[in-house]
Amino acid sequence: MTLSTDPAVDPLARELLQSVVDVARAIFGAEAGSVCLLDEAAGELVFQAVSGRGEESLVGRRFPAGSGIAGWVAASGEPMVVDDLGANRTFDRAFAESTAYVPNALMAAPLTHGSKVLGVLEVLDPAPQARASLPELDLLALFARQAAAALRVIAERAPAPAAVPDRAAALDLLADLEELLRRQP
Amino acid sequence: MSGPAGLTWSLRGRAAADLPVLADTAAPDGGSTGKGVRVCVVDSGIEPDHPLVGPLDGSWAVVKDPTTRELVIRPDRTGDTCGHGTACAGIIRRTAPDCELYSVRVLGERFTGTGDMLIAGLRWAVEQGFDVVNLSLSTTRTRFLEELHAIADDAFFARTAIVASAHNTPVESYPWRFSSVISVGSHQEDDPALHLYNPAPPVEFFAPGQNVRVPWLGGATIRTTGNSFATPYVAGLCARILSGRPRLTTFQLKSALYLTAANVQVGGGTRPSTPTT
């Protein structure tokens, strides 16, 4: 399954993702919400939809997928909830570079399809009563599962891939072959 | 009849007297601070010299060799790429202040899901003979299952206790599902020193993992929630137990955790309940 990380690709996809982040923000009484999709070839996460702060400026913006909280969530496939980030200057700097908005609390959950991580749903500055406890972590993960299902629907109705395989797919195939040969001498 | 060196299928030509085993005894100082116990955190790295983590005794990363494209372990000065590994290390330090702390970074080198890198890092940690390995990570990819299972079994017999987080959502992932590791989930109690035995595994123990204050990047602290943070508490407990009784096997260590769990009653005529199906 391949999802385009070009936000302009599909108007219905845009509407669906916008709805996901709007509802996520409403559920947790949050200042902002966002969905980023993973561009595996580039090793980047790309903002696809944003609700609240940053809504106008962030869509389409990319940041490295190998680090930070969103990076950990994308790599591990696990949700994460963090609070009291305000005093953390390192976090401020790294996060501000990608979003221009520094939250005090952040909830993030992976959008998965089977074992594959498609992207990350983030909720910034949820209402204080909606933070850092296990039921909230469960709720976030449940909602991310629904969002991931929506993403799969979008991917399935996307046009068939071009006949010429793209470079990233070819490199993936080569890497898989190499691993196979290495494991079975 | 002989098989591969070092393996024994049955006892031939030898008797009990030929197999002396020195059972565990309490350390001379009766230590319970983790002193002398080597704990390795396999995660996103550990921030060096964080005030709540203290000195690191070694730090490595799994990287892909640019020439051979093999995954190799190299000394690492990157620190922590996320904060997660530092948080785990801080909980271990808080629980077992005198333990030796080591880091193997398996995330953040480039984007990669848990799988190859996790296995390479975990295998290396087991080969080094660390006493305790904290793994607040898992993989849902079944193609890694057999390999992970073998590493977990090797660790069990080599007295390396792998303390592994259950996934935070109800999905199958590994290695926490294996009986050869010590698996941990979070409870919702406020007591920061409470661990419980689960009479209906596969998650065997529950520990504090809700709203936990932990060290994070930049020398700061934050609050966070999840099984990831319950696990290092149990890893720290393991270090404390092993510092007092360094010759414990992994099954004895698990037994000690069981016997010290707040919900397990010993000697009162009440047995822990067993799961009913």
# chains A, B, ... in the order shown; residues from 1 in each chain; ligands from 1

call {"tool": "closest_atom_pairs", "arguments": {"of": "chain B", "to": "chain A", "cutoff": "9 Å", "atoms": "only C-alpha atoms", "output": "JSON lines"}}
result
{"residue": "B:Ser44", "atom": "CA", "partner": "A:Trp72", "partner_atom": "CA", "distance": 7.9}
{"residue": "B:Asp80", "atom": "CA", "partner": "A:Ser67", "partner_atom": "CA", "distance": 8.8}
{"residue": "B:Thr81", "atom": "CA", "partner": "A:Ser67", "partner_atom": "CA", "distance": 5.1}
{"residue": "B:Cys82", "atom": "CA", "partner": "A:Gly68", "partner_atom": "CA", "distance": 4.3}
{"residue": "B:Gly83", "atom": "CA", "partner": "A:Gly68", "partner_atom": "CA", "distance": 7.5}
{"residue": "B:His84", "atom": "CA", "partner": "A:Trp72", "partner_atom": "CA", "distance": 7.9}
{"residue": "B:Leu107", "atom": "CA", "partner": "A:Ala75", "partner_atom": "CA", "distance": 7.2}
{"residue": "B:Gly108", "atom": "CA", "partner": "A:Gly66", "partner_atom": "CA", "distance": 4.4}
{"residue": "B:Glu109", "atom": "CA", "partner": "A:Gly66", "partner_atom": "CA", "distance": 6.5}
{"residue": "B:Arg110", "atom": "CA", "partner": "A:Gly66", "partner_atom": "CA", "distance": 5.1}
{"residue": "B:Phe111", "atom": "CA", "partner": "A:Gly66", "partner_atom": "CA", "distance": 4.4}
{"residue": "B:Thr112", "atom": "CA", "partner": "A:Ala75", "partner_atom": "CA", "distance": 5.8}
{"residue": "B:Gly113", "atom": "CA", "partner": "A:Ala75", "partner_atom": "CA", "distance": 4.2}
{"residue": "B:Thr114", "atom": "CA", "partner": "A:Ser76", "partner_atom": "CA", "distance": 5.6}
{"residue": "B:Leu137", "atom": "CA", "partner": "A:Ser76", "partner_atom": "CA", "distance": 6.6}
{"residue": "B:Ser138", "atom": "CA", "partner": "A:Ser76", "partner_atom": "CA", "distance": 7.2}
{"residue": "B:Thr139", "atom": "CA", "partner": "A:Ser76", "partner_atom": "CA", "distance": 7.5}
{"residue": "B:Thr140", "atom": "CA", "partner": "A:Ser115", "partner_atom": "CA", "distance": 5.7}
{"residue": "B:Arg141", "atom": "CA", "partner": "A:Ser115", "partner_atom": "CA", "distance": 5.8}
{"residue": "B:Thr142", "atom": "CA", "partner": "A:Ser115", "partner_atom": "CA", "distance": 8.8}
{"residue": "B:His167", "atom": "CA", "partner": "A:Glu78", "partner_atom": "CA", "distance": 7.1}
{"residue": "B:Asn168", "atom": "CA", "partner": "A:Glu78", "partner_atom": "CA", "distance": 6.5}
{"residue": "B:Thr169", "atom": "CA", "partner": "A:Asp138", "partner_atom": "CA", "distance": 7.0}
{"residue": "B:Ser186", "atom": "CA", "partner": "A:Leu134", "partner_atom": "CA", "distance": 8.3}
{"residue": "B:His187", "atom": "CA", "partner": "A:Leu134", "partner_atom": "CA", "distance": 8.6}
{"residue": "B:Gln188", "atom": "CA", "partner": "A:Leu134", "partner_atom": "CA", "distance": 7.4}
{"residue": "B:Gly209", "atom": "CA", "partner": "A:Leu134", "partner_atom": "CA", "distance": 8.4}
{"residue": "B:Gln210", "atom": "CA", "partner": "A:Ser133", "partner_atom": "CA", "distance": 5.5}
{"residue": "B:Asn211", "atom": "CA", "partner": "A:Ala132", "partner_atom": "CA", "distance": 5.4}
{"residue": "B:Val212", "atom": "CA", "partner": "A:Ala132", "partner_atom": "CA", "distance": 8.6}
{"residue": "B:Trp216", "atom": "CA", "partner": "A:Asn88", "partner_atom": "CA", "distance": 7.9}
{"residue": "B:Leu217", "atom": "CA", "partner": "A:Thr90", "partner_atom": "CA", "distance": 6.3}
{"residue": "B:Gly218", "atom": "CA", "partner": "A:Thr90", "partner_atom": "CA", "distance": 5.2}
{"residue": "B:Gly219", "atom": "CA", "partner": "A:Asn88", "partner_atom": "CA", "distance": 7.9}
{"residue": "B:Ala220", "atom": "CA", "partner": "A:Asn88", "partner_atom": "CA", "distance": 5.4}
{"residue": "B:Thr221", "atom": "CA", "partner": "A:Asn88", "partner_atom": "CA", "distance": 7.4}
{"residue": "B:Ile222", "atom": "CA", "partner": "A:Asp84", "partner_atom": "CA", "distance": 5.0}
{"residue": "B:Arg223", "atom": "CA", "partner": "A:Asp83", "partner_atom": "CA", "distance": 5.0}
{"residue": "B:Thr224", "atom": "CA", "partner": "A:Val82", "partner_atom": "CA", "distance": 4.5}
{"residue": "B:Thr225", "atom": "CA", "partner": "A:Ala132", "partner_atom": "CA", "distance": 5.4}
{"residue": "B:Gly226", "atom": "CA", "partner": "A:Leu134", "partner_atom": "CA", "distance": 6.8}

call {"tool": "residues_around", "arguments": {"residues": "stretch 7-24 of chain B", "least_positions_apart": "5", "cutoff": "9 Å", "atoms": "only C-alpha atoms", "output": "PyMOL selection string"}}
result
chain B and resi 2+245-249

call {"tool": "write_last_selection", "arguments": {"atoms": "C-alpha atoms", "output": "short mmCIF file (atom, residue, chain, number, x, y, z; two decimals), in the first residue's frame"}}
result
data_model
loop_
_atom_site.label_atom_id
_atom_site.label_comp_id
_atom_site.auth_asym_id
_atom_site.auth_seq_id
_atom_site.Cartn_x
_atom_site.Cartn_y
_atom_site.Cartn_z
CA SER B 2 27.80 -36.16 20.87
CA ARG B 245 22.37 -12.22 45.01
CA PRO B 246 24.57 -12.11 41.95
CA ARG B 247 24.37 -15.80 41.10
CA LEU B 248 20.62 -15.95 40.60
CA THR B 249 19.47 -17.56 37.39
#

call {"tool": "select_by_dssp", "arguments": {"residues": "stretch 15-210 of chain B", "states": "helix (DSSP H, G or I)", "output": "VMD selection string"}}
result
chain B and resid 16 to 18 84 to 95 116 to 127 142 to 157

call {"tool": "residues_around", "arguments": {"residues": "B:Ser179", "least_positions_apart": "2", "cutoff": "9 Å", "atoms": "only C-alpha atoms", "output": "compact mmCIF listing (two decimals) with N, CA, C and O atoms, in the first residue's frame"}}
result
# COMPACT_ATOMS: atom_id res chain seq x y z
N ALA B 152 15.97 -14.55 22.83
CA ALA B 152 15.39 -14.50 24.17
C ALA B 152 15.73 -15.78 24.96
O ALA B 152 16.06 -15.72 26.15
N ASP B 153 15.68 -16.92 24.29
CA ASP B 153 16.02 -18.19 24.97
C ASP B 153 17.50 -18.24 25.33
O ASP B 153 17.88 -18.68 26.42
N TRP B 176 8.07 -9.39 24.06
CA TRP B 176 7.46 -9.47 25.39
C TRP B 176 6.53 -10.67 25.52
O TRP B 176 6.28 -11.13 26.63
N ARG B 177 6.06 -11.23 24.43
CA ARG B 177 5.14 -12.37 24.49
C ARG B 177 5.83 -13.67 24.91
O ARG B 177 5.17 -14.65 25.25
N VAL B 181 11.37 -14.05 28.61
CA VAL B 181 11.68 -12.68 29.03
C VAL B 181 10.79 -12.32 30.22
O VAL B 181 9.85 -13.05 30.55
N ILE B 182 11.11 -11.21 30.87
CA ILE B 182 10.28 -10.70 31.96
C ILE B 182 9.44 -9.57 31.35
O ILE B 182 9.97 -8.53 31.00
N SER B 183 8.15 -9.82 31.18
CA SER B 183 7.33 -8.85 30.46
C SER B 183 6.59 -7.95 31.44
O SER B 183 6.19 -8.37 32.53
N PRO B 202 0.09 -13.49 29.14
CA PRO B 202 1.54 -13.33 28.99
C PRO B 202 2.18 -12.11 29.65
O PRO B 202 3.38 -12.18 29.92
N GLU B 204 3.61 -10.56 32.50
CA GLU B 204 3.78 -11.20 33.80
C GLU B 204 3.74 -10.25 34.99
O GLU B 204 3.39 -10.63 36.08

call {"tool": "atom_distance", "arguments": {"atom1": "atom CA of A:Cys36", "atom2": "atom CA of A:Leu58"}}
result
10.2 Å

call {"tool": "residues_around", "arguments": {"residues": "stretch 233-240 of chain B", "least_positions_apart": "3", "cutoff": "6 Å", "atoms": "only C-alpha atoms", "output": "PyMOL selection string"}}
result
chain B and resi 32-34+37+91-92+95-96+163+230+243
